[in-house]
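The structure file protein.cif is reproduced below (mmCIF, C-alpha atoms).
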data_coords
loop_
_atom_site.label_atom_id
_atom_site.label_comp_id
_atom_site.auth_asym_id
_atom_site.auth_seq_id
_atom_site.Cartn_x
_atom_site.Cartn_y
_atom_site.Cartn_z
CA MET A 1 -1.63 -24.66 -31.48
CA VAL A 2 -1.41 -21.85 -28.89
CA LYS A 3 -1.57 -23.35 -25.43
CA ILE A 4 -1.45 -20.13 -23.39
CA SER A 5 -2.26 -16.54 -24.35
CA ILE A 6 -0.36 -14.11 -22.11
CA ILE A 7 -2.20 -10.80 -21.84
CA MET A 8 -0.08 -7.76 -21.01
CA PRO A 9 -1.50 -4.22 -20.67
CA VAL A 10 1.25 -1.64 -21.13
CA TYR A 11 1.15 2.03 -20.22
CA ASN A 12 4.42 4.02 -20.27
CA GLN A 13 6.53 1.06 -19.16
CA ALA A 14 9.07 0.80 -21.95
CA GLU A 15 11.94 0.61 -19.47
CA PHE A 16 10.69 -2.69 -18.00
CA LEU A 17 9.78 -4.58 -21.19
CA GLU A 18 13.18 -6.10 -22.03
CA ASP A 19 13.52 -7.82 -18.63
CA THR A 20 9.86 -8.84 -18.58
CA PHE A 21 10.15 -10.55 -21.96
CA LYS A 22 13.28 -12.37 -20.82
CA SER A 23 11.17 -13.99 -18.11
CA ILE A 24 8.66 -15.06 -20.80
CA THR A 25 11.25 -16.47 -23.20
CA ASN A 26 12.90 -18.34 -20.31
CA GLN A 27 9.71 -20.36 -19.87
CA THR A 28 9.98 -23.95 -21.11
CA LEU A 29 6.48 -23.70 -22.61
CA LYS A 30 6.94 -22.32 -26.12
CA ASP A 31 3.44 -22.67 -27.62
CA ILE A 32 2.39 -19.20 -26.49
CA GLU A 33 1.25 -15.84 -27.75
CA VAL A 34 1.81 -12.55 -25.93
CA ILE A 35 -1.01 -10.06 -26.49
CA CYS A 36 0.41 -6.60 -25.71
CA VAL A 37 -2.21 -3.88 -25.40
CA ASN A 38 -0.55 -0.47 -25.56
CA ASP A 39 -3.02 1.53 -23.48
CA GLY A 40 -2.31 4.98 -24.93
CA SER A 41 1.33 5.20 -23.84
CA THR A 42 3.17 8.49 -24.40
CA ASP A 43 6.72 7.15 -23.96
CA ASP A 44 8.70 4.75 -26.17
CA THR A 45 6.44 1.77 -25.42
CA GLN A 46 5.15 1.32 -28.99
CA GLN A 47 8.59 1.41 -30.59
CA THR A 48 10.02 -0.89 -27.91
CA LEU A 49 7.24 -3.43 -28.52
CA GLU A 50 7.80 -3.30 -32.28
CA ASN A 51 11.55 -3.87 -31.78
CA LEU A 52 10.81 -6.85 -29.51
CA LYS A 53 8.39 -8.28 -32.07
CA ILE A 54 11.24 -8.54 -34.59
CA ARG A 55 13.01 -10.91 -32.19
CA TYR A 56 9.93 -12.61 -30.78
CA PRO A 57 7.30 -13.31 -33.48
CA PHE A 58 4.83 -14.64 -30.86
CA ILE A 59 4.12 -11.00 -29.83
CA LYS A 60 0.88 -9.43 -30.99
CA ILE A 61 0.61 -5.67 -30.56
CA TYR A 62 -2.65 -3.74 -30.20
CA LYS A 63 -2.91 -0.03 -29.60
CA THR A 64 -5.86 1.62 -27.82
CA GLU A 65 -6.68 4.95 -26.26
CA ASN A 66 -5.83 5.20 -22.58
CA GLN A 67 -8.74 3.58 -20.73
CA GLY A 68 -7.02 1.78 -17.85
CA SER A 69 -5.57 -1.68 -17.32
CA GLY A 70 -8.97 -3.35 -16.80
CA LYS A 71 -10.33 -2.39 -20.22
CA ALA A 72 -6.96 -3.19 -21.80
CA ARG A 73 -7.14 -6.72 -20.36
CA ASN A 74 -10.73 -7.10 -21.58
CA TYR A 75 -9.54 -6.16 -25.07
CA GLY A 76 -6.76 -8.74 -24.78
CA ILE A 77 -9.22 -11.46 -23.73
CA LYS A 78 -11.23 -10.87 -26.93
CA GLN A 79 -8.08 -11.38 -29.03
CA ALA A 80 -6.88 -14.50 -27.18
CA THR A 81 -6.69 -17.74 -29.21
CA GLY A 82 -4.90 -19.91 -26.63
CA GLU A 83 -6.50 -22.77 -24.70
CA TYR A 84 -5.65 -20.92 -21.47
CA ILE A 85 -5.10 -17.29 -20.55
CA ALA A 86 -2.37 -15.92 -18.26
CA PHE A 87 -1.84 -12.32 -17.22
CA LEU A 88 1.45 -10.49 -16.82
CA ASP A 89 2.00 -6.79 -16.07
CA ALA A 90 4.85 -5.09 -17.89
CA ASP A 91 6.90 -4.44 -14.72
CA ASP A 92 6.47 -7.96 -13.28
CA SER A 93 8.02 -11.35 -14.15
CA PHE A 94 7.39 -15.06 -14.40
CA LEU A 95 9.61 -16.91 -11.93
CA ASP A 96 9.92 -20.70 -12.11
CA GLU A 97 10.99 -21.40 -15.71
CA LYS A 98 8.79 -24.51 -15.83
CA ALA A 99 5.75 -22.87 -14.16
CA LEU A 100 3.59 -22.29 -17.25
CA GLU A 101 4.36 -25.73 -18.64
CA LYS A 102 3.52 -27.43 -15.32
CA MET A 103 0.30 -25.47 -14.97
CA TYR A 104 -0.80 -26.08 -18.55
CA MET A 105 -0.10 -29.83 -18.40
CA TYR A 106 -1.97 -30.17 -15.10
CA GLY A 107 -4.90 -28.07 -16.31
CA HIS A 108 -5.16 -29.79 -19.71
CA LYS A 109 -5.00 -33.26 -18.15
CA ASN A 110 -7.80 -32.46 -15.69
CA ASN A 111 -9.87 -30.24 -18.01
CA ALA A 112 -9.54 -27.54 -15.31
CA ASP A 113 -11.16 -24.13 -15.71
CA ILE A 114 -8.51 -22.61 -13.45
CA VAL A 115 -5.06 -23.64 -12.24
CA CYS A 116 -3.73 -21.68 -9.28
CA ALA A 117 -0.04 -21.32 -8.38
CA ASN A 118 1.96 -19.06 -6.06
CA LEU A 119 3.23 -15.49 -6.01
CA ARG A 120 6.43 -13.96 -4.68
CA ARG A 121 7.43 -10.33 -4.35
CA ILE A 122 10.41 -9.13 -6.34
CA LYS A 123 12.62 -6.05 -6.18
CA GLN A 124 13.31 -3.66 -9.04
CA ASP A 125 16.39 -5.71 -10.00
CA ARG A 126 14.00 -8.72 -10.31
CA SER A 127 15.52 -10.54 -7.32
CA ILE A 128 13.07 -12.12 -4.86
CA GLU A 129 12.17 -10.20 -1.69
CA LYS A 130 13.32 -12.60 1.01
CA GLU A 131 11.60 -10.56 3.72
CA TYR A 132 8.16 -11.27 2.23
CA ASP A 133 6.62 -14.54 3.38
CA PRO A 134 4.10 -15.73 0.74
CA LYS A 135 2.77 -18.37 3.15
CA ALA A 136 1.52 -15.57 5.41
CA ALA A 137 -0.42 -13.84 2.61
CA ARG A 138 -4.16 -13.33 2.96
CA PHE A 139 -4.80 -15.53 -0.05
CA SER A 140 -3.84 -19.22 -0.10
CA TYR A 141 -0.30 -20.49 -0.63
CA PHE A 142 -0.36 -23.94 -2.21
CA ILE A 143 2.12 -26.60 -1.09
CA GLN A 144 1.04 -29.48 -3.34
CA LYS A 145 -1.14 -30.43 -6.27
CA ASP A 146 -4.73 -30.58 -5.12
CA VAL A 147 -8.36 -29.95 -6.00
CA LEU A 148 -10.10 -27.51 -3.64
CA GLU A 149 -13.39 -25.76 -3.26
CA PRO A 150 -13.19 -22.18 -4.63
CA VAL A 151 -14.03 -20.73 -1.20
CA GLU A 152 -10.69 -22.13 0.03
CA TYR A 153 -8.76 -19.73 -2.21
CA GLY A 154 -9.17 -16.99 0.41
CA ILE A 155 -9.44 -13.29 -0.34
CA PRO A 156 -9.86 -12.76 -4.12
CA TRP A 157 -6.44 -11.19 -4.63
CA ALA A 158 -3.50 -11.85 -6.96
CA PHE A 159 -5.54 -13.00 -9.97
CA TYR A 160 -2.31 -13.01 -12.03
CA LYS A 161 -0.86 -16.05 -10.21
CA ASN A 162 -3.42 -18.27 -11.94
CA ILE A 163 -4.19 -19.38 -15.50
CA TYR A 164 -7.76 -19.58 -16.78
CA LYS A 165 -9.41 -21.65 -19.51
CA THR A 166 -10.23 -19.20 -22.28
CA SER A 167 -13.58 -20.81 -23.08
CA PHE A 168 -14.63 -20.60 -19.42
CA ILE A 169 -13.98 -16.83 -19.27
CA LYS A 170 -15.60 -16.10 -22.62
CA ASN A 171 -18.63 -18.40 -22.18
CA ASN A 172 -19.40 -16.86 -18.78
CA ASN A 173 -18.69 -13.32 -20.07
CA ILE A 174 -16.39 -12.59 -17.13
CA GLN A 175 -14.64 -9.24 -17.55
CA PHE A 176 -12.76 -6.65 -15.56
CA PRO A 177 -15.18 -3.95 -14.34
CA ASP A 178 -15.11 -0.38 -15.60
CA LEU A 179 -13.34 1.03 -12.52
CA ILE A 180 -10.08 2.97 -12.48
CA ARG A 181 -9.06 1.21 -9.24
CA GLY A 182 -9.91 -2.14 -7.65
CA GLN A 183 -10.83 -4.07 -10.83
CA ASP A 184 -8.77 -7.17 -9.99
CA PRO A 185 -10.65 -8.51 -6.90
CA ILE A 186 -14.02 -8.15 -8.67
CA PHE A 187 -12.73 -10.11 -11.69
CA LEU A 188 -11.36 -12.93 -9.52
CA ALA A 189 -14.39 -12.94 -7.19
CA ASN A 190 -16.66 -13.47 -10.22
CA ILE A 191 -14.47 -16.35 -11.38
CA LEU A 192 -14.22 -18.10 -8.01
CA THR A 193 -17.95 -17.87 -7.35
CA THR A 194 -18.74 -19.32 -10.79
CA LEU A 195 -16.43 -22.36 -10.49
CA ASP A 196 -17.21 -25.76 -8.98
CA GLU A 197 -13.60 -26.47 -8.06
CA ILE A 198 -10.10 -25.05 -8.35
CA HIS A 199 -6.97 -27.01 -9.28
CA VAL A 200 -3.83 -25.89 -7.45
CA ILE A 201 -0.16 -26.61 -7.91
CA ASN A 202 2.96 -25.83 -5.88
CA THR A 203 5.06 -23.66 -8.16
CA ASP A 204 6.12 -20.01 -8.04
CA LEU A 205 4.62 -18.53 -11.19
CA TYR A 206 4.43 -14.81 -10.57
CA GLY A 207 6.95 -12.20 -9.44
CA TYR A 208 5.10 -9.09 -8.28
CA ASN A 209 7.17 -5.90 -8.41
CA HIS A 210 5.70 -4.31 -5.29
CA SER A 211 8.32 -1.56 -5.03
CA VAL A 212 7.28 -0.16 -8.43
CA SER A 213 3.55 -0.49 -7.83
CA GLY A 214 3.53 1.32 -4.48
CA GLY A 215 0.98 1.15 -1.65
CA VAL A 216 -2.75 1.64 -1.84
CA ASN A 217 -2.73 5.31 -0.84
CA VAL A 218 -0.07 6.09 -3.43
CA LYS A 219 -2.28 4.66 -6.17
CA THR A 220 -5.53 6.21 -4.90
CA ASP A 221 -4.54 9.85 -4.74
CA THR A 222 -7.59 11.54 -6.33
CA TYR A 223 -11.28 11.71 -5.50
CA GLU A 224 -12.17 9.58 -8.54
CA LYS A 225 -9.64 6.88 -7.67
CA LYS A 226 -10.77 6.77 -4.04
CA GLU A 227 -14.40 6.52 -5.13
CA ALA A 228 -13.59 3.62 -7.45
CA TYR A 229 -11.57 1.89 -4.74
CA ILE A 230 -14.41 2.13 -2.20
CA GLN A 231 -16.88 0.95 -4.87
CA HIS A 232 -14.75 -2.12 -5.52
CA PHE A 233 -15.01 -3.11 -1.85
CA LYS A 234 -18.80 -2.99 -1.97
CA ASP A 235 -19.02 -4.81 -5.31
CA THR A 236 -16.66 -7.56 -4.16
CA MET A 237 -18.56 -7.98 -0.89
CA ASP A 238 -21.83 -8.25 -2.82
CA ILE A 239 -20.41 -10.98 -5.06
CA LEU A 240 -19.06 -12.99 -2.11
CA LYS A 241 -22.26 -12.47 -0.10
CA ASP A 242 -24.55 -13.60 -2.92
CA ALA A 243 -22.45 -16.75 -3.43
CA GLY A 244 -22.41 -17.63 0.29
CA PHE A 245 -18.62 -17.22 0.55
CA GLU A 246 -18.82 -16.34 4.25
CA SER A 247 -15.17 -16.77 5.23
CA PRO A 248 -13.68 -14.67 2.38
CA LEU A 249 -16.46 -12.12 2.95
CA ARG A 250 -15.51 -11.70 6.62
CA GLU A 251 -11.84 -11.32 5.69
CA TYR A 252 -12.62 -8.78 2.99
CA LYS A 253 -14.66 -6.70 5.41
CA LYS A 254 -11.61 -6.66 7.69
CA GLU A 255 -9.49 -5.42 4.78
CA PHE A 256 -11.96 -2.59 4.22
CA ILE A 257 -12.04 -1.57 7.88
CA ASN A 258 -8.24 -1.74 8.07
CA TYR A 259 -8.07 0.55 5.06
CA LEU A 260 -10.38 3.05 6.77
CA LYS A 261 -8.37 2.84 10.00
CA PHE A 262 -5.25 4.27 8.38
CA GLN A 263 -4.58 7.54 10.20
CA ASP A 264 -4.61 9.52 6.94
CA ASN A 265 -7.84 7.90 5.79
CA LEU A 266 -9.88 8.53 8.95
CA ASN A 267 -9.17 12.23 8.53
CA ASP A 268 -9.61 12.26 4.74
CA GLU A 269 -12.43 14.68 3.88
CA GLN A 270 -12.97 13.05 0.49
CA LEU A 271 -13.44 9.60 2.03
CA GLN A 272 -15.82 11.16 4.55
CA GLN A 273 -18.02 12.02 1.55
CA ILE A 274 -17.45 8.85 -0.47
CA VAL A 275 -17.95 6.09 2.11
CA PRO A 276 -21.47 7.10 3.29
CA LYS A 277 -22.50 7.64 -0.34
CA ILE A 278 -21.46 4.16 -1.49
CA PHE A 279 -22.32 2.29 1.73
CA ASN A 280 -25.65 4.08 2.25
CA ASN A 281 -27.02 1.04 4.10
CA PRO A 282 -24.00 0.01 6.20
CA ASP A 283 -26.05 -2.07 8.67
CA GLU A 284 -26.44 -4.69 5.93
CA TYR A 285 -22.66 -5.12 5.69
CA PHE A 286 -21.02 -4.47 9.05
CA GLN A 287 -21.18 -5.57 12.70
CA ASP A 288 -21.32 -3.14 15.65
CA ASP A 289 -17.53 -3.01 16.18
CA GLU A 290 -17.02 -2.34 12.45
CA MET A 291 -19.79 0.26 12.33
CA PHE A 292 -17.82 2.56 14.62
CA PHE A 293 -15.41 3.50 11.82
CA ILE A 294 -18.21 3.99 9.31
CA LYS A 295 -20.00 6.33 11.71
CA TYR A 296 -16.74 8.10 12.51
CA LEU A 297 -16.29 8.93 8.83
CA GLU A 298 -19.89 10.17 8.64
CA ASN A 299 -19.45 12.41 11.71
CA PRO A 300 -15.69 12.87 12.27
CA GLU A 301 -16.09 15.94 14.51
CA THR A 302 -18.69 14.61 16.96
CA ASN A 303 -16.85 12.54 19.51
CA PRO A 304 -16.95 14.43 22.84
CA GLU A 305 -15.95 11.51 25.08
CA LEU A 306 -12.81 10.78 23.11
CA ASP A 307 -12.05 14.50 22.93
CA GLU A 308 -12.21 14.70 26.74
CA PHE A 309 -9.99 11.64 26.98
CA LYS A 310 -7.48 13.34 24.69
CA GLU A 311 -7.53 16.44 26.91
CA ILE A 312 -6.83 14.37 30.03
CA LYS A 313 -3.98 12.62 28.23
CA LYS A 314 -2.60 15.98 27.16
CA CYS A 315 -2.65 17.26 30.74
CA LEU A 316 -0.79 14.19 31.95
CA PHE A 317 1.98 14.57 29.41
CA GLU A 318 2.30 18.27 30.05
CA GLU A 319 2.72 17.53 33.75
CA ILE A 320 5.46 15.04 32.94
CA LEU A 321 7.22 17.49 30.65
CA LEU A 322 6.83 20.62 32.75
CA SER A 323 6.77 19.43 36.34
CA ASP A 324 9.94 17.43 36.72
CA ASN A 325 8.22 14.05 36.20
CA PHE A 326 5.59 14.73 38.86
CA ILE A 327 2.12 13.45 37.96
CA GLY A 328 -0.91 14.58 39.92
CA TYR A 329 -2.57 11.58 41.58
CA ASP A 330 -6.12 12.84 40.92
CA MET A 331 -5.47 13.36 37.24
CA LEU A 332 -3.88 9.93 36.90
CA GLN A 333 -6.88 8.25 38.56
CA LYS A 334 -9.25 10.13 36.27
CA TYR A 335 -7.27 9.02 33.23
CA LEU A 336 -7.28 5.33 34.22
CA LYS A 337 -11.00 5.38 35.04
CA TYR A 338 -11.87 7.10 31.76
CA LYS A 339 -9.71 4.69 29.78
CA ASP A 340 -11.51 1.65 31.20
CA GLU A 341 -14.91 3.18 30.47
CA LEU A 342 -13.97 4.01 26.89
CA LYS A 343 -12.59 0.54 26.24
CA ASP A 344 -16.00 -0.93 27.05
CA LYS A 345 -17.72 1.49 24.69
CA TYR A 346 -15.29 2.00 21.81
CA PRO A 347 -12.88 -0.28 19.94
CA GLU A 348 -9.48 -0.43 21.60
CA ASP A 349 -7.89 0.85 18.40
CA GLU A 350 -9.82 4.10 18.62
CA VAL A 351 -8.88 4.66 22.28
CA ARG A 352 -5.29 4.00 21.37
CA LYS A 353 -5.54 6.41 18.44
CA ALA A 354 -6.88 9.14 20.72
CA SER A 355 -3.82 8.71 22.92
CA TYR A 356 -1.47 8.52 19.97
CA ASN A 357 -2.78 11.72 18.41
CA VAL A 358 -2.18 13.67 21.60
CA ILE A 359 1.30 12.27 22.12
CA GLN A 360 2.19 13.09 18.53
CA LYS A 361 0.91 16.67 18.88
CA ILE A 362 2.81 17.23 22.12
CA ALA A 363 5.95 15.70 20.61
CA THR A 364 5.61 17.96 17.58
CA ASP A 365 5.08 21.05 19.74
CA VAL A 366 8.02 20.16 21.98
CA ASN A 367 10.26 19.50 18.98
CA GLN A 368 9.30 22.86 17.47
CA GLU A 369 10.01 24.61 20.77
CA TYR A 370 13.30 22.73 21.08
CA GLU A 371 14.34 23.66 17.55
CA THR A 372 13.44 27.30 18.22
CA LEU A 373 15.40 27.20 21.49
CA MET A 374 18.38 25.62 19.77
CA ASP A 375 18.28 28.32 17.07
CA ASP A 376 18.17 31.02 19.74
CA THR A 377 20.98 29.32 21.67
CA GLU A 378 23.13 29.08 18.57
CA LYS A 379 22.56 32.77 17.80
CA LEU A 380 23.43 33.68 21.38
CA ASP A 381 26.50 31.46 21.28
CA LYS A 382 27.69 33.23 18.13
CA GLN A 383 27.20 36.60 19.82
CA ILE A 384 29.14 35.42 22.87
CA ARG A 385 31.99 34.08 20.72
CA LYS A 386 32.06 37.39 18.85
CA GLN A 387 32.19 39.41 22.08
CA ARG A 388 34.95 37.17 23.44
CA LYS A 389 36.95 37.70 20.28
CA ILE A 390 36.54 41.48 20.54
CA LYS A 391 37.50 41.33 24.23
CA ASP A 392 40.59 39.24 23.46
CA GLU A 393 41.61 41.66 20.73
CA ILE A 394 41.18 44.63 23.10
CA MET A 395 43.10 42.85 25.86
CA THR A 396 45.87 41.94 23.45
CA SER A 397 46.00 45.47 22.13
CA ASN A 398 45.99 46.99 25.64
CA SER A 399 48.65 44.56 26.82
CA TRP A 400 50.89 45.53 23.96
CA LYS A 401 50.34 49.26 24.66
CA MET A 402 51.09 48.79 28.40
CA THR A 403 54.29 46.95 27.53
CA GLU A 404 55.36 49.86 25.37
CA VAL A 405 54.63 52.39 28.12
CA LEU A 406 56.68 50.42 30.66
CA ARG A 407 59.56 50.07 28.22
CA ASN A 408 59.56 53.82 27.62
CA LEU A 409 59.57 54.55 31.38
CA ARG A 410 62.54 52.21 31.92
CA ASN A 411 64.46 53.92 29.14
CA ARG A 412 63.86 57.35 30.69
CA ASN A 413 65.08 56.21 34.12
CA LYS A 414 68.37 54.92 32.80
#

Reformat the file's structure so that it appears as structure tokens.
Amino acid sequence: MVKISIIMPVYNQAEFLEDTFKSITNQTLKDIEVICVNDGSTDDTQQTLENLKIRYPFIKIYKTENQGSGKARNYGIKQATGEYIAFLDADDSFLDEKALEKMYMYGHKNNADIVCANLRRIKQDRSIEKEYDPKAARFSYFIQKDVLEPVEYGIPWAFYKNIYKTSFIKNNNIQFPDLIRGQDPIFLANILTTLDEIHVINTDLYGYNHSVSGGVNVKTDTYEKKEAYIQHFKDTMDILKDAGFESPLREYKKEFINYLKFQDNLNDEQLQQIVPKIFNNPDEYFQDDEMFFIKYLENPETNPELDEFKEIKKCLFEEILLSDNFIGYDMLQKYLKYKDELKDKYPEDEVRKASYNVIQKIATDVNQEYETLMDDTEKLDKQIRKQRKIKDEIMTSNSWKMTEVLRNLRNRNK
């Protein structure tokens, strides 16, 4: 009997598979199947999987056209025959060797639809990132066996640190959405809001290879990916809102606003088109302090008060740079007064950003001028060294000639 089906989407990750399968075979639970869905890979993935299958007969290989990890996982769910389902990406690892066995035994004993464990970050050499504190993550870290309300899970992230009863997923027709980015939170949000309770256990199941995956902006580098990522925020919020998950909903809104507040994102012309299109009724989702960033994206060029504040800031720094640290009293008073007024009207982050932008621009301009000056100084220094060399050669030559003349005169006088 298969106790756990491990679903693994694979796209051009042949180099990671050997180490990933070591982490699977190290698990004490042996009644498993690994459903590998080759999602249209163009590298040696297929051959590598077939070679691994010779050694590990529990591997099942399926090959599909490239459609993304979400659809690949959905395909894997359909093929699963295990009592529970686990997920593992090809560049990640299982950690605690007894994790799957502990989770299965606890879930089977309690007829649990979900068993949640913990996640750690790992480096490319598969060692654990000691700098990352999993207890400070924005989803729950579990310190003991317990039964909790689903709302206590926190933000619907890290779906892969849990195992799910196969019949629960299939009977409720829960799937990954057809988005090229942001499928995972929607999948887990649908699960959490369908459950009556979650069973949790204190074990480190999942090693997430963050260094390989990269940050959000690395993975959302096209218009289509950005559009899908913004859509996932709205869809996840809708799911949480409809289920009355107020606390996770508030936290997920913060994640969205923090994403928009990235310096690169506030000035991203594509996001300025996408966000108003998807959140066409933002008042239904956001409070006044959050609405500022939505409106900024809708009208990024219309902010005269902050522009004036930037100009004052610029003048102050130019006075510091150009006037031997002397700052005009009137200008300083105007700056302080304006800053207080803006703080009452705009979020502090935006006032700070206005200052930061100006300082960065001045620093860039000064650095460019300094580099130009240094180049000119170096050129001048080379010219001076060259002239000194010529002068020394002339002086040496003239000295030698004068010595010869004096020697000749002495010889004549003898």

Test item: residues at most 7 Å from range 75-90 of chain A, all atoms listed in the file, excluding those fewer than 5 positions along its chain, as an mmCIF file with C-alpha atoms, keeping the file's coordinate frame:
data_model
loop_
_atom_site.group_PDB
_atom_site.id
_atom_site.type_symbol
_atom_site.label_atom_id
_atom_site.label_comp_id
_atom_site.auth_asym_id
_atom_site.auth_seq_id
_atom_site.Cartn_x
_atom_site.Cartn_y
_atom_site.Cartn_z
ATOM 1 C CA VAL A 2 -1.410 -21.850 -28.890
ATOM 2 C CA LYS A 3 -1.570 -23.350 -25.430
ATOM 3 C CA ILE A 4 -1.450 -20.130 -23.390
ATOM 4 C CA SER A 5 -2.260 -16.540 -24.350
ATOM 5 C CA ILE A 6 -0.360 -14.110 -22.110
ATOM 6 C CA ILE A 7 -2.200 -10.800 -21.840
ATOM 7 C CA MET A 8 -0.080 -7.760 -21.010
ATOM 8 C CA PRO A 9 -1.500 -4.220 -20.670
ATOM 9 C CA VAL A 10 1.250 -1.640 -21.130
ATOM 10 C CA GLN A 13 6.530 1.060 -19.160
ATOM 11 C CA PHE A 16 10.690 -2.690 -18.000
ATOM 12 C CA LEU A 17 9.780 -4.580 -21.190
ATOM 13 C CA THR A 20 9.860 -8.840 -18.580
ATOM 14 C CA ILE A 35 -1.010 -10.060 -26.490
ATOM 15 C CA VAL A 37 -2.210 -3.880 -25.400
ATOM 16 C CA TYR A 160 -2.310 -13.010 -12.030
ATOM 17 C CA ASN A 162 -3.420 -18.270 -11.940
ATOM 18 C CA ILE A 163 -4.190 -19.380 -15.500
ATOM 19 C CA TYR A 164 -7.760 -19.580 -16.780
ATOM 20 C CA LYS A 165 -9.410 -21.650 -19.510
ATOM 21 C CA THR A 166 -10.230 -19.200 -22.280
#

**Report entry** Residues in the PyMOL selection byres ((chain A and resi 57) around 12), expressed as number ranges by chain
**Finding:** A: 25, 30-35, 49-56, 58-61

Requested in this report: Using CA of Ile122 in chain A and CA of Phe94 in chain A as the two end points, give the distance in Å to one decimal.
Outcome: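 CA of Ile122 in chain A sits 10.5 Å away from CA of Phe94 in chain A.
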
Requested in this report: Can you give me, as a list in words, the residues this file yields under the PyMOL selection byres ((chain A and resi 120) around 8)?
Outcome: Asn118, Leu119, Arg121, Ile122, Ile128, Glu129, Tyr132, Pro134, Asp204, Tyr206, Gly207 and Tyr208 of chain A

Report task. Show me as a list of chain:residue names the residues that reach within 12 Å of (-20.6, -24.9, -10.9), counting only C-alpha atoms and using the file's own coordinates. Result -> A:Asp113, A:Glu149, A:Pro150, A:Phe168, A:Asn172, A:Ile191, A:Leu192, A:Thr193, A:Thr194, A:Leu195, A:Asp196, A:Glu197, A:Ile198, A:Ala243

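Residues matching the PyMOL selection byres ((chain A and resi 209) around 8) in this structure come to Asp91, Asp92, Ser93, Arg121, Ile122, Lys123, Gln124, Arg126, Gly207, Tyr208, His210, Ser211, Val212 and Ser213 of chain A.
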
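Minimum distance to Phe176 in chain A across A:Leu271, A:Val147, A:Ala189, A:Arg73 (counting only C-alpha atoms) occurs at A:Arg73.
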
**Report entry** Which of A:Glu131, A:Glu15, A:Glu65, A:Glu251 sits closest to Asp44 in chain A [using all atoms listed in the file]
**Finding:** A:Glu15

Query raised in the report: Which of these, A:Asp268, A:Asp289, A:Glu152, A:Asp283, has the shortest distance to His199 in chain A once you count all atoms listed in the file?
Result: A:Glu152

Query raised in the report: So what do you get for CA of Gly107 in chain A versus CA of Cys36 in chain A, distance-wise?
Result: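 If I compute the distance from CA of Gly107 in chain A to CA of Cys36 in chain A, I get 24.0 Å.
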
Query raised in the report: When you draw a straight line from CA of Glu97 in chain A to CA of Leu29 in chain A, how long is it in Å?
Result: 8.6 Å

Report task. May I have the residues within 10 Å of Ile278 in chain A as a list in words, using all atoms listed in the file and disregarding those fewer than 6 positions away in the same chain? Result ->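 The filter keeps Glu227, Ala228, Ile230, Gln231, Phe233 and Lys234 of chain A.
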
**Report entry** Shell of 12 Å around Asn217 in chain A, only C-alpha atoms, local chain residues under 6 positions omitted, as a list of chain:residue names
**Finding:** A:Arg181, A:Tyr223, A:Lys225, A:Lys226, A:Tyr229, A:Tyr259, A:Leu260, A:Phe262, A:Gln263, A:Asp264, A:Asn265, A:Asp268, A:Leu271

Quick one: write out the picked residues with C-alpha atoms as an mmCIF file, in the frame of the given file?
data_model
loop_
_atom_site.group_PDB
_atom_site.id
_atom_site.type_symbol
_atom_site.label_atom_id
_atom_site.label_comp_id
_atom_site.auth_asym_id
_atom_site.auth_seq_id
_atom_site.Cartn_x
_atom_site.Cartn_y
_atom_site.Cartn_z
ATOM 1 C CA ARG A 181 -9.060 1.210 -9.240
ATOM 2 C CA TYR A 223 -11.280 11.710 -5.500
ATOM 3 C CA LYS A 225 -9.640 6.880 -7.670
ATOM 4 C CA LYS A 226 -10.770 6.770 -4.040
ATOM 5 C CA TYR A 229 -11.570 1.890 -4.740
ATOM 6 C CA TYR A 259 -8.070 0.550 5.060
ATOM 7 C CA LEU A 260 -10.380 3.050 6.770
ATOM 8 C CA PHE A 262 -5.250 4.270 8.380
ATOM 9 C CA GLN A 263 -4.580 7.540 10.200
ATOM 10 C CA ASP A 264 -4.610 9.520 6.940
ATOM 11 C CA ASN A 265 -7.840 7.900 5.790
ATOM 12 C CA ASP A 268 -9.610 12.260 4.740
ATOM 13 C CA LEU A 271 -13.440 9.600 2.030
#
